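Below is start06.cif, holding mmCIF, C-alpha atoms and all ligand atoms.
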```
data_run
#
loop_
_atom_site.label_atom_id
_atom_site.label_comp_id
_atom_site.auth_asym_id
_atom_site.auth_seq_id
_atom_site.Cartn_x
_atom_site.Cartn_y
_atom_site.Cartn_z
CA MET D 1 -24.41 -10.44 1.18
CA SER D 2 -20.82 -10.80 0.19
CA LEU D 3 -19.42 -14.27 -0.24
CA ARG D 4 -15.76 -14.36 -0.95
CA PHE D 5 -13.41 -17.21 -1.39
CA ARG D 6 -10.25 -17.17 0.64
CA ALA D 7 -7.89 -19.83 -0.61
CA LYS D 8 -4.60 -20.41 1.12
CA GLU D 9 -3.46 -22.60 -1.71
CA ALA D 10 -5.43 -22.34 -4.95
CA LYS D 11 -4.02 -24.63 -7.58
CA ALA D 12 -7.22 -25.85 -9.14
CA ASN D 13 -7.60 -25.97 -12.88
CA PRO D 14 -10.50 -28.31 -13.65
CA ASP D 15 -9.88 -27.99 -17.41
CA ASP D 16 -6.56 -29.74 -17.10
CA ASP D 17 -6.81 -33.01 -18.99
CA ASP D 18 -4.16 -34.87 -17.10
CA GLU D 19 -6.05 -37.24 -14.82
CA LYS D 20 -3.25 -37.65 -12.29
CA ASN D 21 -2.83 -33.92 -11.93
CA GLN D 22 -6.54 -33.45 -11.53
CA LYS D 23 -6.60 -35.81 -8.57
CA LYS D 24 -3.84 -33.79 -6.92
CA GLN D 25 -5.53 -30.43 -7.35
CA ARG D 26 -7.02 -28.95 -4.24
CA MET D 27 -7.98 -25.69 -2.60
CA VAL D 28 -7.26 -25.46 1.10
CA VAL D 29 -9.33 -22.90 2.99
CA ASP D 30 -8.14 -22.20 6.51
CA LEU D 31 -11.26 -21.03 8.36
CA GLY D 32 -9.25 -20.11 11.46
CA ASN D 33 -9.36 -21.46 15.02
CA GLY D 34 -8.64 -25.01 13.90
CA SER D 35 -11.35 -25.30 11.21
CA GLU D 36 -10.46 -26.21 7.65
CA VAL D 37 -12.15 -26.99 4.34
CA ILE D 38 -10.44 -28.63 1.38
CA TYR D 39 -12.03 -28.70 -2.07
CA PHE D 40 -10.89 -31.20 -4.72
CA PRO D 41 -12.50 -30.17 -8.05
CA ARG D 42 -12.20 -33.67 -9.49
CA ILE D 43 -11.35 -36.92 -7.68
CA ILE D 44 -13.29 -39.14 -10.12
CA LYS D 45 -13.04 -39.09 -13.92
CA MET D 46 -15.98 -37.47 -15.71
CA GLU D 47 -17.05 -40.71 -17.40
CA ASP D 48 -16.81 -42.83 -14.22
CA SER D 49 -18.68 -40.14 -12.31
CA TRP D 50 -21.64 -40.51 -14.71
CA LYS D 51 -21.58 -44.30 -14.25
CA PHE D 52 -21.72 -43.82 -10.47
CA PHE D 53 -24.47 -41.23 -10.89
CA ASP D 54 -26.65 -43.62 -12.92
CA TYR D 55 -26.10 -46.45 -10.48
CA LEU D 56 -26.92 -44.31 -7.44
CA ASN D 57 -29.92 -42.66 -9.08
CA ASN D 58 -31.47 -46.00 -10.05
CA ARG D 59 -30.38 -48.44 -7.37
CA ILE D 60 -30.37 -46.59 -4.05
CA PRO D 61 -33.70 -46.98 -2.15
CA TRP D 62 -34.22 -43.21 -1.85
CA ASN D 63 -36.60 -41.99 0.80
CA ARG D 64 -38.03 -38.54 1.57
CA PRO D 65 -38.68 -38.69 5.31
CA THR D 66 -40.74 -36.49 7.57
CA ILE D 67 -38.42 -34.65 9.95
CA ARG D 68 -38.91 -32.20 12.81
CA VAL D 69 -37.58 -28.68 12.47
CA PHE D 70 -38.15 -26.13 15.26
CA GLY D 71 -40.88 -28.39 16.71
CA ARG D 72 -42.77 -28.75 13.42
CA SER D 73 -43.06 -31.81 11.20
CA CYS D 74 -42.13 -31.29 7.57
CA LEU D 75 -41.01 -33.28 4.56
CA GLN D 76 -37.23 -33.24 4.21
CA PRO D 77 -36.54 -31.11 1.11
CA ARG D 78 -34.40 -33.80 -0.59
CA ASP D 79 -34.20 -37.60 -0.87
CA THR D 80 -31.94 -39.50 1.46
CA CYS D 81 -30.48 -42.91 2.32
CA TYR D 82 -28.09 -44.09 5.03
CA VAL D 83 -25.36 -46.74 4.98
CA ALA D 84 -23.36 -47.82 8.04
CA GLY D 85 -21.03 -50.63 9.08
CA GLU D 86 -22.21 -53.34 11.42
CA GLY D 87 -22.43 -52.26 15.06
CA VAL D 88 -22.15 -48.55 14.26
CA THR D 89 -24.20 -46.44 16.72
CA GLN D 90 -27.57 -45.50 15.24
CA LEU D 91 -27.79 -42.00 13.75
CA ILE D 92 -30.71 -39.75 14.69
CA TYR D 93 -31.08 -36.24 13.23
CA SER D 94 -34.06 -33.87 13.31
CA GLY D 95 -36.05 -36.57 15.12
CA TYR D 96 -35.47 -39.02 12.26
CA ARG D 97 -33.73 -42.39 12.63
CA PRO D 98 -32.69 -43.59 9.15
CA HIS D 99 -32.57 -47.32 8.48
CA PRO D 100 -28.87 -48.30 8.19
CA TYR D 101 -28.24 -50.25 4.96
CA SER D 102 -25.08 -52.33 4.72
CA TRP D 103 -22.06 -51.43 2.56
CA ASP D 104 -22.50 -54.89 0.98
CA ASP D 105 -25.93 -53.88 -0.33
CA PHE D 106 -24.32 -51.38 -2.74
CA PRO D 107 -20.79 -52.49 -3.78
CA PRO D 108 -20.08 -49.35 -5.92
CA LEU D 109 -20.20 -47.31 -2.68
CA LYS D 110 -17.14 -49.23 -1.52
CA ASP D 111 -15.39 -48.31 -4.79
CA ILE D 112 -16.15 -44.63 -4.17
CA LEU D 113 -14.93 -44.97 -0.58
CA ASP D 114 -11.67 -46.48 -1.87
CA ILE D 115 -11.17 -43.46 -4.14
CA VAL D 116 -11.86 -41.09 -1.22
CA LEU D 117 -9.34 -42.92 0.97
CA LYS D 118 -6.68 -42.75 -1.75
CA VAL D 119 -7.07 -38.97 -1.75
CA LEU D 120 -7.25 -38.83 2.07
CA PRO D 121 -4.80 -41.48 3.30
CA GLY D 122 -5.13 -42.10 7.02
CA SER D 123 -8.75 -40.95 7.21
CA ARG D 124 -11.47 -43.27 8.54
CA PHE D 125 -15.14 -43.48 7.54
CA ASN D 126 -17.69 -46.04 8.70
CA SER D 127 -20.96 -44.43 7.64
CA LEU D 128 -22.43 -42.60 4.70
CA LEU D 129 -25.38 -40.26 4.38
CA LEU D 130 -26.59 -39.96 0.78
CA ASN D 131 -28.61 -37.00 -0.54
CA ARG D 132 -30.46 -36.61 -3.84
CA TYR D 133 -31.57 -33.15 -4.98
CA LYS D 134 -34.08 -33.73 -7.78
CA GLY D 135 -33.99 -30.13 -8.96
CA GLY D 136 -33.46 -26.56 -7.85
CA ASN D 137 -36.32 -26.72 -5.33
CA ASP D 138 -34.53 -29.37 -3.30
CA TYR D 139 -32.03 -28.05 -0.78
CA VAL D 140 -30.41 -28.46 2.61
CA GLY D 141 -30.86 -25.57 5.02
CA TRP D 142 -28.23 -24.07 7.31
CA HIS D 143 -26.95 -26.69 9.75
CA ALA D 144 -23.84 -28.24 11.29
CA ASP D 145 -23.22 -31.98 11.43
CA ASP D 146 -22.38 -31.69 15.11
CA GLU D 147 -24.17 -34.77 16.45
CA LYS D 148 -22.29 -36.18 19.45
CA LEU D 149 -21.68 -39.55 17.80
CA TYR D 150 -19.19 -37.91 15.39
CA GLY D 151 -17.01 -36.51 18.21
CA SER D 152 -15.67 -32.98 18.59
CA THR D 153 -13.58 -32.71 15.41
CA PRO D 154 -15.26 -34.89 12.76
CA GLU D 155 -13.90 -35.19 9.26
CA ILE D 156 -16.68 -35.25 6.64
CA ALA D 157 -15.86 -36.03 3.02
CA SER D 158 -18.61 -34.94 0.64
CA VAL D 159 -18.55 -36.28 -2.94
CA SER D 160 -20.84 -34.76 -5.60
CA PHE D 161 -22.30 -36.11 -8.85
CA GLY D 162 -24.54 -34.52 -11.48
CA CYS D 163 -25.92 -31.01 -11.40
CA GLU D 164 -23.54 -28.38 -9.97
CA ARG D 165 -24.86 -26.66 -6.89
CA ASP D 166 -23.61 -23.89 -4.62
CA PHE D 167 -22.38 -24.82 -1.16
CA PHE D 168 -22.20 -22.06 1.44
CA LEU D 169 -20.40 -21.93 4.76
CA LYS D 170 -20.85 -19.23 7.37
CA ILE D 171 -19.67 -18.81 10.90
CA LYS D 172 -22.11 -20.10 13.53
CA PRO D 173 -24.11 -17.24 14.93
CA SER D 174 -22.96 -18.10 18.44
CA LYS D 175 -21.49 -15.35 20.56
CA SER D 176 -18.59 -17.41 21.82
CA SER D 177 -17.14 -18.31 18.42
CA GLN D 178 -17.45 -14.71 17.14
CA ASP D 179 -15.81 -13.36 20.27
CA ARG D 180 -12.91 -15.73 20.03
CA ARG D 181 -11.98 -14.29 16.66
CA THR D 182 -12.63 -10.60 17.12
CA ASP D 183 -12.27 -9.73 20.80
CA ASP D 184 -9.56 -7.19 20.55
CA GLU D 185 -10.47 -5.37 17.30
CA PRO D 186 -12.42 -2.14 16.90
CA VAL D 187 -16.06 -2.63 15.77
CA SER D 188 -15.56 -0.87 12.40
CA LYS D 189 -12.71 -3.20 11.44
CA ARG D 190 -14.68 -6.17 12.73
CA LEU D 191 -17.67 -5.44 10.51
CA LYS D 192 -15.57 -5.03 7.38
CA LYS D 193 -13.65 -8.19 8.05
CA LYS D 194 -16.79 -10.15 8.86
CA ASP D 195 -18.10 -9.93 5.29
CA ASN D 196 -14.91 -11.35 3.86
CA LEU D 197 -13.89 -14.00 6.29
CA ASP D 198 -17.05 -15.32 7.88
CA GLN D 199 -18.65 -16.66 4.69
CA HIS D 200 -17.35 -18.86 1.92
CA SER D 201 -18.90 -20.38 -1.17
CA PHE D 202 -17.98 -23.27 -3.45
CA THR D 203 -19.56 -24.61 -6.63
CA LEU D 204 -19.61 -28.35 -6.12
CA LYS D 205 -18.85 -30.00 -9.44
CA HIS D 206 -19.57 -33.43 -10.88
CA GLY D 207 -16.85 -35.78 -9.53
CA SER D 208 -15.62 -33.32 -6.90
CA MET D 209 -15.01 -33.73 -3.17
CA LEU D 210 -15.27 -31.20 -0.37
CA VAL D 211 -13.78 -32.09 3.00
CA MET D 212 -14.68 -30.37 6.27
CA ARG D 213 -12.42 -31.03 9.24
CA GLY D 214 -11.18 -29.76 12.59
CA TYR D 215 -13.74 -27.58 14.39
CA THR D 216 -15.79 -26.77 11.26
CA GLN D 217 -18.94 -28.44 12.66
CA ARG D 218 -18.56 -26.70 16.03
CA ASP D 219 -17.92 -23.19 14.71
CA TRP D 220 -19.52 -23.06 11.23
CA ILE D 221 -22.80 -23.94 9.53
CA HIS D 222 -23.29 -24.94 5.90
CA SER D 223 -26.09 -25.15 3.34
CA VAL D 224 -26.98 -25.97 -0.27
CA PRO D 225 -29.71 -23.40 -1.04
CA ARG D 226 -32.59 -23.59 -3.53
CA ARG D 227 -31.57 -22.61 -7.05
CA ALA D 228 -34.25 -21.93 -9.68
CA LYS D 229 -31.79 -22.61 -12.49
CA ALA D 230 -30.61 -26.00 -11.21
CA GLU D 231 -32.95 -28.16 -13.28
CA SER D 232 -31.28 -31.53 -13.13
CA THR D 233 -30.54 -34.03 -10.38
CA ARG D 234 -27.58 -33.84 -8.05
CA ILE D 235 -26.41 -36.71 -5.84
CA ASN D 236 -24.18 -36.10 -2.86
CA LEU D 237 -22.45 -38.63 -0.61
CA THR D 238 -21.18 -37.55 2.81
CA PHE D 239 -18.74 -40.04 4.33
CA ARG D 240 -18.49 -39.79 8.12
CA HIS D 241 -16.88 -41.61 11.05
CA VAL D 242 -19.11 -42.55 13.97
CA LEU D 243 -17.08 -43.01 17.17
CA GLN D 244 -17.41 -46.48 18.68
O1 LIG D 301 -25.30 -31.84 -0.43
C1 LIG D 301 -24.32 -31.34 0.12
O2 LIG D 301 -23.35 -30.93 -0.50
C2 LIG D 301 -24.28 -31.20 1.63
C3 LIG D 301 -25.09 -32.22 2.37
C4 LIG D 301 -24.99 -32.03 3.84
O3 LIG D 301 -24.62 -31.00 4.33
C5 LIG D 301 -25.35 -33.13 4.75
O4 LIG D 301 -25.77 -34.21 4.30
O5 LIG D 301 -25.20 -32.96 5.96
FE FE D 302 -24.14 -31.23 6.41
#
```

Do you think you could lay out the structure here as structure tokens?
Ligand SMILES: O=C(O)CCC(=O)C(=O)O
Ligand SMILES: [Fe+2]
Amino acid sequence: MSLRFRAKEAKANPDDDDEKNQKKQRMVVDLGNGSEVIYFPRIIKMEDSWKFFDYLNNRIPWNRPTIRVFGRSCLQPRDTCYVAGEGVTQLIYSGYRPHPYSWDDFPPLKDILDIVLKVLPGSRFNSLLLNRYKGGNDYVGWHADDEKLYGSTPEIASVSFGCERDFFLKIKPSKSSQDRRTDDEPVSKRLKKKDNLDQHSFTLKHGSMLVMRGYTQRDWIHSVPRRAKAESTRINLTFRHVLQ
């Protein structure tokens, strides 16, 4: 399997010490057909990121629910927690209805949201799904966050702390989305191109943010696979906007 990065604008240099510059660094990946991913290698200072990590690791009421996948019950392969504003429509995924905690229960989450909104002015988020991967055996399988309550073009901002993990994106194996891209090309060209353009990978670093927007949830799926070498804990926060 070939996973290649296609960056329209690749300015990232995570070793740069200048904090202001770091916040401005981003890689924009145009996935085509109105889908886009932006990766910010560092939106939160290293030291602050560890403070947030410790808080989240110790204070969030993590839960490992039983979910339903392809009609079977199984333990979700990572810890989770859900936070949503008052009156926000209840989230249900894989037959699981997480209890919505309030933003006021965990004030540092509002600080992280403020940082996210400084980087993404004009964006709106009213809910947050938290994930904790306790080691390399914890993962999230291929999926799209395409629940109706997020609308047709949701923006999802995903902030990572702790152990670096790989994040993969690949085009949804649906005939319609493949056809839209490749209708008028010969098969040989199509196959070659497919390897390069239909899959992307990112290493999500401590203090980084990855944003998915446009039609990414309609046309693409993503995953954080098992990694034998990832021994320590990773915490990931995905900020979302539920339509009211
Ligand atoms: O942990 C991650 O980076 C991704 C999590 C994710 O895809 C999700 O919560 O829907
Ligand atoms: Fe997701």

> Taking (-28.5, -30.1, 0.9) in the file's coordinates as the center, which residues reach within 9 Å of it, counting all atoms listed in the file, put as a PyMOL selection string?
Replying inline: chain D and resi 77-78+131-133+138-142+167+222-226+236

Please return the centre and edge lengths, in Å to one decimal, of a box with edges along x, y and z that contains all listed atoms of segment 154-173 of chain D, widened by 6 Å on every side, as AutoDock Vina command-line options.
```
--center_x -19.9 --center_y -26.8 --center_z 1.7 --size_x 24.0 --size_y 31.0 --size_z 38.4
```

>> Under the rule that all atoms listed in the file are counted, which of D:Leu75, D:Ser158, D:Ile60, D:Met212 is the nearest residue to Val116 of chain D?
In response: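 The answer is D:Ser158, which sits nearest to Val116 of chain D.
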
> So which one's closest to ligand FE 302 (chain D), D:Val28, D:Leu128, D:Ala84, D:Cys74? Using only C-alpha atoms and all ligand atoms, please.
Replying inline: D:Leu128

> For ligand LIG 301 (chain D), which of D:Gly95, D:Pro108, D:Gly34, D:Gly162 is the closest residue, counting all atoms listed in the file?
Replying inline: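 Of D:Gly95, D:Pro108, D:Gly34, D:Gly162, the one nearest ligand LIG 301 (chain D) is D:Gly162, counting all atoms listed in the file.
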
> Do you have the atom CA of Trp50 of chain D-atom CA of Pro154 of chain D distance handy?
Replying inline: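 Between atom CA of Trp50 of chain D and atom CA of Pro154 of chain D the gap is 28.8 Å.
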
> Which residues form the shell of 7 Å around ligand FE 302 (chain D) when you count only C-alpha atoms and all ligand atoms, given as a PyMOL selection string?
Replying inline: chain D and resi 143-145+222

> So what do you get for atom CA of Ala157 of chain D versus atom CA of Val29 of chain D, distance-wise?
Replying inline: 14.7 Å

>> When you count all atoms listed in the file, which of these residues is closest to Lys172 of chain D: D:Tyr215, D:Tyr93, D:Phe70, D:Trp62?
In response: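 The closest residue to Lys172 of chain D is D:Tyr215.
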
> Neighbours of Thr216 of chain D within 8 Å (all atoms listed in the file; same-chain residues fewer than 3 positions away dropped), as a PyMOL selection string?
Replying inline: chain D and resi 31+34-37+153+212-213+219-221

> Taking into account all atoms listed in the file, which residue in the set D:Asp146, D:Asp105, D:Asp111, D:Asp198 is nearest to ligand LIG 301 (chain D)?
Replying inline: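 Checking each of D:Asp146, D:Asp105, D:Asp111, D:Asp198 against ligand LIG 301 (chain D), counting all atoms listed in the file, the winner is D:Asp146.
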
>> Report as a list in words all protein, DNA and RNA residues lying within 12 Å of Glu47 of chain D, evaluated on all atoms listed in the file, omitting residues in the same chain fewer than 2 positions from it.
In response: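 After dropping sequence-adjacent residues, the list is Glu19, Arg42, Ile43, Ile44, Lys45, Ser49, Trp50, Lys51, Phe52, Phe53, Asp54, Phe161, Gly162, His206 and Gly207 of chain D.
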
With 9 Å as the threshold, what does the neighbourhood of (-16.0, -24.3, -4.0) contain in terms of residues, counting all atoms listed in the file? Coordinates are those of the file; answer as a PDB file with C-alpha atoms, in the frame of the given file.
```pdb
ATOM      1  CA  PHE D   5     -13.410 -17.210  -1.390  1.00  0.00           C
ATOM      2  CA  MET D  27      -7.980 -25.690  -2.600  1.00  0.00           C
ATOM      3  CA  ILE D  38     -10.440 -28.630   1.380  1.00  0.00           C
ATOM      4  CA  TYR D  39     -12.030 -28.700  -2.070  1.00  0.00           C
ATOM      5  CA  PHE D  40     -10.890 -31.200  -4.720  1.00  0.00           C
ATOM      6  CA  PRO D  41     -12.500 -30.170  -8.050  1.00  0.00           C
ATOM      7  CA  ASP D 166     -23.610 -23.890  -4.620  1.00  0.00           C
ATOM      8  CA  PHE D 167     -22.380 -24.820  -1.160  1.00  0.00           C
ATOM      9  CA  PHE D 168     -22.200 -22.060   1.440  1.00  0.00           C
ATOM     10  CA  HIS D 200     -17.350 -18.860   1.920  1.00  0.00           C
ATOM     11  CA  SER D 201     -18.900 -20.380  -1.170  1.00  0.00           C
ATOM     12  CA  PHE D 202     -17.980 -23.270  -3.450  1.00  0.00           C
ATOM     13  CA  THR D 203     -19.560 -24.610  -6.630  1.00  0.00           C
ATOM     14  CA  LEU D 204     -19.610 -28.350  -6.120  1.00  0.00           C
ATOM     15  CA  LYS D 205     -18.850 -30.000  -9.440  1.00  0.00           C
ATOM     16  CA  LEU D 210     -15.270 -31.200  -0.370  1.00  0.00           C
TER      17      LEU D 210
END
```

>> Rounded to one decimal, what separation in Å do you get between atom CA of Cys163 of chain D and atom CA of Arg64 of chain D?
In response: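 Atom-to-atom, atom CA of Cys163 of chain D to atom CA of Arg64 of chain D, that is 19.3 Å.
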
> With all atoms listed in the file as the basis for distance, which of D:Leu149, D:Ser160, D:Lys110, D:Ala230 is at the shortest distance from Met209 of chain D?
Replying inline: D:Ser160
